[in-house]
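To keep things clear, I will list the structure first and then write my remarks on it.
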Amino acid sequence: MITVKLYAYLRDNRGKEVSIDYREGLTIQDIANDLKIDLADVSIVICDGKDDLPNRMKDVEVSEDSVVHFFPPVAGG
Amino acid sequence: MYGYMGKVLRVNLTDGSIKAEDLDFELAKKFVGGRGLATKMLYDEIDPKVDPLSPDNKIIFMNGPMSGTPTPTGGRYMVITKSPLSGTIASSNSGGTWGARLKYAGYDGIIVEGKSEKPVYLEINEDQVELKDASHIWGKLVGDTTDALQKDKNTNVLTIGPGGEKLNRMAAVMNERDRAAGRSGVGAVMGSKMLKAIVVTGKKKVDLFNEKQARDNNKEATNKLKDNPVTGQGLPTYGTAVLVNIINANGVFPTHNFQKGVFEAAEAISGETLAEKYLVRKEACHRCPIACGRYTKTKNVEGGGPEYETVWAFGADCGVDDFEAIIEANHWCNQYGIDTISVGATLAAAMELKQEGLLDDVDFEGHDLDFGNAEAMVYWTKKIGAREGFGDKMAEGSLRLCKEYGREDLSMSVKGLELPAYDPRGVQGHGLTYATSNRGGCHVRGYMISPEILGLPEKLERLDLKNKPLWVKIFQDLTAFIDSAGVCLFTSFALGADDYAKIYNSIVGTDWTGEDALKAGERIYNIERQFNLKAGITPDQDTLPDRLLNVEMPDGPSKGHVHKLDKLLPEYYSLRGWDEKGIPTKERLSELGLA
Ligand code: SF4
């Protein structure tokens with residue numbers, strides 16, 4: 001089971017956390033598709049501690065117990 | 001003279017004299033305004049070795065050319081003095097409207113010198129400027145003082161609270177109640193001079209070099225800010241605390257005085273939770289289309305804030321997951337006029353001293369300072385504000401507190417200024433910013449979190465060292481220009497050096513490129529460095545607490561890492577044109593017009 005954590009307005013109609021069944025070859029892009037998230041609305045993906053831009057993460061294959069975070073553009077300071 | 005009002009008030013509190021002096025336009029252009037111009041003035045006018053709380057120190061309130069103009073966020077001002085907390089140059093920035101109002105009254109800035117025998121406040125109504133007796137408001141909280149001095153909608157009140165009066169080394173200067181020039185203890189310098197407040201009324205207009213061009217630039221910049229997902233949506237909707245989750249998910253959210261990098265209860269203190277449970281409305285500083293400010297309410301208090309850094313300091317750093325308690329601590333800091341970052345971090349240091357068994361003799365009055373004790377955290381925040389009991393010792397800041405108990409290493413500070421809400425073990429460039437910031441442990445002298453975590457303007461690998469010194473230098477120089485021009489640093493999420501240069505040109509009548517703006521920023525960075533060197537702040541203080549350099553991060557996505565400062569600093573010095581010991585070379589200083 002993969003845990004997907006969502007933040008800010010990506011939570012709208014989806015909730016804070018979603019579980020997804022693992023399947024062979026599942027990528028970050030597949031997870032986004034499953035959740036109807038357009039990666040253009042995502043600024044940072046963190047998968048099992050590795051963070052990067054969605055276009056550099058989209059083909060990463062997740063494992064059975066991966067934790068994936070999707071962040072929309074946020075900032076502060 | 002365009003963009004500037006052309007007048008600076010000089011107020012001598014020892015003899016009560018007040019003069020309106022002409023602004024040196026050439027000097028203003030060379031150092032831009034705000035942070036740069038006031039630092040140059042302080043550098044020329046005081047011996048940087050002075051005792052910061054003595055009458056020989058001066059405190060300067062200074063606007064930039066963009067404040068009070070139609071430029072989006074053009075209302076920010078700087079407070080420049082020698083810091084009683086760090087002994088470095090203190091340069092604190094605040095928003096709200098007070099800065100712009102000072103220009104509407106006809107002045108770019110105010111230089112305050114000497115010391116009054118009794119409490120006074122300064123009242124400015126355009127050409128009428130008077131020092132008045134403040135005995136009726138001395139001792140009052142920031143809210144009550146503001147109420148007592150507020151006249152009409154064309155008036156803005158800047159004041160200190162009991163924090164500044166009692167020479168709390170973490171005291172802030174407050175304006176419009178809850179906007180703060182928060183860091184470095186600038187409020188204590190006002191307190192040491194017995195100056196309670198500065199009340200400004202005015203309706204003048206700032207002359208612009210090219211009104212039409214300025215209007216067009218303003219429209220273009222506003223559109224860029226609105227169209228940008230961060231400044232147009234993220235910040236307005238969630239405020240700065242939206243950072244809690246992303247910083248925590250990267251394992252760089254300092255927890256329990258930087259003993260760990262992940263706070264299990266981060267969600268409970270996130271910007272999302274704030275928006276859902278405590279937000280009454282969003283608030284904006286003068287002419288700001290972003291409106292990142294929050295107005296919050298709990299069953300006990302209501303008011304402005306809290307910001308991300310505050311949520312972290314009273315939250316994860318103290319191990320507290322109770323958002324209401326955090327909002328209350330923020331409220332009391334604003335009322336007493338003390339800096340939320342330094343106060344929260346000092347409480348966290350005290351909690352670790354206690355954890356180590358070093359505070360067994362302290363009377364905690366039934367409110368034990370243990371990690372996670374929300375009630376005690378709020379209780380001791382108030383006591384720090386009032387300088388009562390153990391709060392009196394904590395009011396000296398974390399470094400002096402920890403030194404007293406023989407554990408200087410537990411103060412998570414650089415040059416005596418408490419570090420903010422990012423653990424540099426997992427963000428290497430940001431750690432270099434902390435180590436080399438001219439005011440000590442500060443995140444807004446070169447906000448490397450932007451590229452290293454948020455991917456703005458491009459994503460850098462946060463643990464990599466490559467090119468980080470160059471990024472840090474450019475960010476520091478650009479920030480120095482922005483702080484000096486009089487706009488909010490948050491605009492830089494959507495605007496770049498060329499945008500700022502274009503705006504500056506239409507206001508001042510210069511012909512600058514983005515490169516020129518960066519060069520001015522570099523000049524400002526170097527004059528600050530020169531001030532510090534003359535003050536006796538040696539380059540060996542360009543460092544980080546031992547824990548961050550030598551103890552591996554124990555948990556989370558940054559586990560196993562330390563900060564590799566020794567690999568970054570030599571390249572940084574060389575890019576800055578400083579020798580290997582960190583001293584600016586004659587060649588670089590003369591190239592910058594500083595020799
Ligand atoms: S972005 Fe926030 S801090 Fe900056 S000027 Fe606007 S409201 Fe003030």
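FYI, nothing fancy with the structure tokens labels: chains A, B, ... in order, residues from 1 per chain, ligands from 1 as they appear.
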
**OP:** Just need the residues of chain B within 9 Å of chain A, counting only C-alpha atoms, so spit them out as a ChimeraX atom specification.
**Re:** /B:229-231,233-235,237-243,245-246,249-251,271-272,292,307-309,421,443-444,447,449-450,453-455,458-462,490,493,556-558

Subject >> Picked from segment 255-500 of chain B by DSSP as strand (DSSP E or B), as a PyMOL selection string >> reply: chain B and resi 255+260+279-283+293-297+302-304+338+413-414+417-418

Go ahead and save the residues from that selection, with all heavy atoms, as a compact mmCIF listing (two decimals), in the first residue's frame.
# COMPACT_ATOMS: atom_id res chain seq x y z
N THR B 255 13.50 20.50 15.49
CA THR B 255 12.60 20.06 16.54
C THR B 255 13.40 19.87 17.83
O THR B 255 14.53 19.40 17.79
CB THR B 255 11.94 18.74 16.08
OG1 THR B 255 11.21 19.02 14.87
CG2 THR B 255 10.99 18.18 17.12
N LYS B 260 16.37 17.20 16.47
CA LYS B 260 15.83 16.35 15.40
C LYS B 260 15.37 17.23 14.24
O LYS B 260 15.27 18.45 14.39
CB LYS B 260 14.61 15.57 15.92
CG LYS B 260 14.92 14.64 17.10
CD LYS B 260 13.71 13.80 17.47
CE LYS B 260 12.60 14.64 18.08
NZ LYS B 260 11.35 13.91 18.26
N LEU B 279 -8.17 31.16 11.33
CA LEU B 279 -8.08 32.35 10.49
C LEU B 279 -9.39 33.14 10.51
O LEU B 279 -10.46 32.59 10.25
CB LEU B 279 -7.74 31.95 9.05
CG LEU B 279 -7.54 33.10 8.08
CD1 LEU B 279 -6.29 33.91 8.43
CD2 LEU B 279 -7.42 32.58 6.64
N VAL B 280 -9.28 34.43 10.83
CA VAL B 280 -10.46 35.30 10.75
C VAL B 280 -10.45 35.99 9.39
O VAL B 280 -11.44 36.03 8.68
CB VAL B 280 -10.44 36.36 11.88
CG1 VAL B 280 -11.62 37.31 11.76
CG2 VAL B 280 -10.42 35.68 13.24
N ARG B 281 -9.30 36.55 9.03
CA ARG B 281 -9.16 37.19 7.72
C ARG B 281 -7.68 37.30 7.37
O ARG B 281 -6.82 37.18 8.24
CB ARG B 281 -9.80 38.58 7.73
CG ARG B 281 -9.20 39.52 8.74
CD ARG B 281 -9.74 40.94 8.64
NE ARG B 281 -9.02 41.82 9.53
CZ ARG B 281 -9.39 42.08 10.78
NH1 ARG B 281 -10.48 41.54 11.29
NH2 ARG B 281 -8.66 42.88 11.54
N LYS B 282 -7.43 37.54 6.08
CA LYS B 282 -6.04 37.80 5.71
C LYS B 282 -5.81 39.31 5.78
O LYS B 282 -6.76 40.10 5.70
CB LYS B 282 -5.71 37.23 4.34
CG LYS B 282 -6.60 37.69 3.23
CD LYS B 282 -6.23 36.99 1.93
CE LYS B 282 -7.10 37.56 0.82
NZ LYS B 282 -6.81 37.04 -0.49
N GLU B 283 -4.54 39.70 5.93
CA GLU B 283 -4.22 41.11 6.06
C GLU B 283 -3.07 41.47 5.13
O GLU B 283 -2.22 40.62 4.84
CB GLU B 283 -3.82 41.44 7.50
CG GLU B 283 -5.00 41.37 8.47
CD GLU B 283 -4.72 42.10 9.77
OE1 GLU B 283 -3.61 41.95 10.29
OE2 GLU B 283 -5.63 42.81 10.24
N GLY B 293 -0.44 38.32 5.31
CA GLY B 293 -0.68 38.47 6.75
C GLY B 293 -1.92 37.72 7.20
O GLY B 293 -2.89 37.57 6.45
N ARG B 294 -1.89 37.23 8.43
CA ARG B 294 -3.04 36.50 9.00
C ARG B 294 -3.60 37.30 10.17
O ARG B 294 -2.85 37.91 10.94
CB ARG B 294 -2.64 35.12 9.56
CG ARG B 294 -1.86 34.20 8.63
CD ARG B 294 -2.68 33.63 7.51
NE ARG B 294 -2.59 34.45 6.33
CZ ARG B 294 -3.22 34.18 5.18
NH1 ARG B 294 -3.96 33.11 5.06
NH2 ARG B 294 -3.11 34.98 4.14
N TYR B 295 -4.92 37.28 10.34
CA TYR B 295 -5.53 37.77 11.57
C TYR B 295 -6.24 36.57 12.17
O TYR B 295 -7.10 35.96 11.53
CB TYR B 295 -6.53 38.90 11.28
CG TYR B 295 -7.02 39.58 12.54
CD1 TYR B 295 -6.41 40.75 13.01
CD2 TYR B 295 -8.08 39.06 13.28
CE1 TYR B 295 -6.84 41.37 14.17
CE2 TYR B 295 -8.51 39.68 14.44
CZ TYR B 295 -7.89 40.84 14.88
OH TYR B 295 -8.32 41.46 16.03
N THR B 296 -5.82 36.18 13.37
CA THR B 296 -6.32 34.92 13.94
C THR B 296 -7.01 35.15 15.27
O THR B 296 -6.85 36.19 15.91
CB THR B 296 -5.15 33.94 14.16
OG1 THR B 296 -4.13 34.60 14.91
CG2 THR B 296 -4.58 33.43 12.85
N LYS B 297 -7.76 34.14 15.68
CA LYS B 297 -8.51 34.25 16.93
C LYS B 297 -8.56 32.90 17.63
O LYS B 297 -8.78 31.86 16.98
CB LYS B 297 -9.94 34.69 16.57
CG LYS B 297 -10.76 35.12 17.74
CD LYS B 297 -12.07 35.72 17.26
CE LYS B 297 -12.89 36.03 18.50
NZ LYS B 297 -14.14 36.66 18.23
N GLU B 302 -6.93 37.51 20.16
CA GLU B 302 -7.02 37.67 18.71
C GLU B 302 -6.03 38.74 18.26
O GLU B 302 -5.64 39.60 19.04
CB GLU B 302 -8.43 38.01 18.26
CG GLU B 302 -8.98 39.32 18.75
CD GLU B 302 -10.41 39.52 18.23
OE1 GLU B 302 -10.56 39.82 17.03
OE2 GLU B 302 -11.34 39.39 19.04
N GLY B 303 -5.60 38.65 17.00
CA GLY B 303 -4.64 39.64 16.51
C GLY B 303 -3.90 39.14 15.28
O GLY B 303 -4.26 38.12 14.69
N GLY B 304 -2.84 39.88 14.92
CA GLY B 304 -2.08 39.55 13.73
C GLY B 304 -1.15 38.36 13.95
O GLY B 304 -0.68 38.12 15.05
N ILE B 338 8.51 41.82 21.70
CA ILE B 338 9.71 40.98 21.69
C ILE B 338 9.64 40.04 20.47
O ILE B 338 8.56 39.73 19.97
CB ILE B 338 9.89 40.18 23.01
CG1 ILE B 338 8.56 39.52 23.47
CG2 ILE B 338 10.43 41.08 24.12
CD1 ILE B 338 8.66 38.69 24.75
N SER B 413 22.51 29.47 17.72
CA SER B 413 22.59 30.84 17.21
C SER B 413 23.88 31.02 16.41
O SER B 413 24.80 30.23 16.52
CB SER B 413 22.58 31.83 18.39
OG SER B 413 23.68 31.58 19.24
N VAL B 414 23.90 32.06 15.59
CA VAL B 414 25.12 32.47 14.91
C VAL B 414 25.37 33.92 15.29
O VAL B 414 24.47 34.76 15.17
CB VAL B 414 25.00 32.31 13.38
CG1 VAL B 414 26.20 32.96 12.68
CG2 VAL B 414 24.91 30.85 12.98
N LEU B 417 22.65 35.65 17.34
CA LEU B 417 21.25 35.76 16.90
C LEU B 417 20.70 34.35 16.64
O LEU B 417 21.31 33.56 15.89
CB LEU B 417 21.15 36.60 15.62
CG LEU B 417 19.72 36.84 15.10
CD1 LEU B 417 18.92 37.73 16.06
CD2 LEU B 417 19.73 37.49 13.71
N GLU B 418 19.56 34.07 17.26
CA GLU B 418 18.99 32.72 17.20
C GLU B 418 18.62 32.35 15.76
O GLU B 418 18.06 33.16 15.01
CB GLU B 418 17.74 32.64 18.09
CG GLU B 418 18.04 32.60 19.59
CD GLU B 418 18.49 33.93 20.17
OE1 GLU B 418 18.30 34.97 19.51
OE2 GLU B 418 19.04 33.93 21.30

Original post:
Taking only C-alpha atoms and all ligand atoms into account, which of B:Ala284, B:Leu594, B:Ala485, B:Ala148 comes nearest ligand 1?
Top reply: B:Ala284

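The neighbours of Leu85 of chain B here are the residues that come within 6 Å of it, using only C-alpha atoms and leaving out any residue fewer than 2 positions away in the same chain; they are B:Ser83, B:Arg169, B:Ser184, B:Gly185.
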
Subject >> Residues near segment 46-50 of chain B, cut-off 10 Å, only C-alpha atoms, skip fewer than 6 positions along chain, as a PyMOL selection string >> reply: chain B and resi 56-58+81-82+87-89+530-537

Subject >> 12 Å contact set for Ile31 of chain A, only C-alpha atoms, chain neighbours under 6 positions out, as a list in words >> reply: Ile2, Thr3, Val4, Lys5, Leu6, Val18, Ser19, Ile20, Asp21, Tyr22, Arg23, Gly25, Ile37, Asp38, Leu39, Val45, Cys47, Pro54, Met57, Lys58, Asp59, Val60, Glu61, Val62, Ser66, Val67, Val68, His69 and Phe70 of chain A

Subject >> Given 7 Å and only C-alpha atoms and all ligand atoms, residues near ligand 1 as a PyMOL selection string >> reply: chain B and resi 73+95-96+283-286+288-293+488-491

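Nearest to Leu26 of chain A of all the residues A:Asn13, A:Arg56, A:Ala40, A:Met1 is A:Met1, based on only C-alpha atoms.
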
**OP:** Among the residues of segment 54-118 of chain B, find those DSSP assigns to alpha helix (DSSP H) from the backbone and print them as a PyMOL selection string.
**Re:** chain B and resi 98-104

Original post:
Which residues come within 6 Å of segment 393-398 of chain B, counting only C-alpha atoms, excluding same-chain residues fewer than 5 positions away, as a ChimeraX atom specification?
Top reply: /B:168-169,346,384,411

Selection to disk with N, CA, C and O atoms, as a tab-separated table (two decimals), in the first residue's frame:
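Generated output (part00.tsv):
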chain	number	residue	atom	x	y	z
B	168	ASN	N	15.26	44.24	27.13
B	168	ASN	CA	15.28	42.85	26.70
B	168	ASN	C	16.08	42.79	25.40
B	168	ASN	O	15.79	43.51	24.43
B	169	ARG	N	17.10	41.96	25.35
B	169	ARG	CA	17.98	41.94	24.18
B	169	ARG	C	17.30	41.37	22.94
B	169	ARG	O	17.86	41.36	21.86
B	346	THR	N	14.94	30.71	22.46
B	346	THR	CA	15.54	30.78	23.79
B	346	THR	C	14.79	29.85	24.76
B	346	THR	O	15.42	29.18	25.60
B	384	ILE	N	9.20	36.42	30.10
B	384	ILE	CA	10.35	37.01	29.39
B	384	ILE	C	9.99	38.46	29.04
B	384	ILE	O	10.79	39.37	29.19
B	411	SER	N	23.09	26.89	22.59
B	411	SER	CA	22.44	28.04	21.96
B	411	SER	C	22.53	27.84	20.45
B	411	SER	O	23.61	27.85	19.87

Subject >> One-decimal distance in Å that lies between atom CA of Ala349 of chain B and atom CA of Gly372 of chain B >> reply: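 One can read the atom CA of Gly372 of chain B to atom CA of Ala349 of chain B distance as 13.1 Å.
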
Original post:
Skipping near chain neighbours, those fewer than 2 positions away, what residues fall within 7 Å of Leu141 of chain B using only C-alpha atoms, listed as a list in words?
Top reply: Gly139, Gly143, Asp144, Thr145, Gly161, Pro162, Gln335 and Tyr336 of chain B

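Our summary of the geometry notes that atom CA of Met190 of chain B is positioned 22.3 Å from atom CA of Gly344 of chain B.
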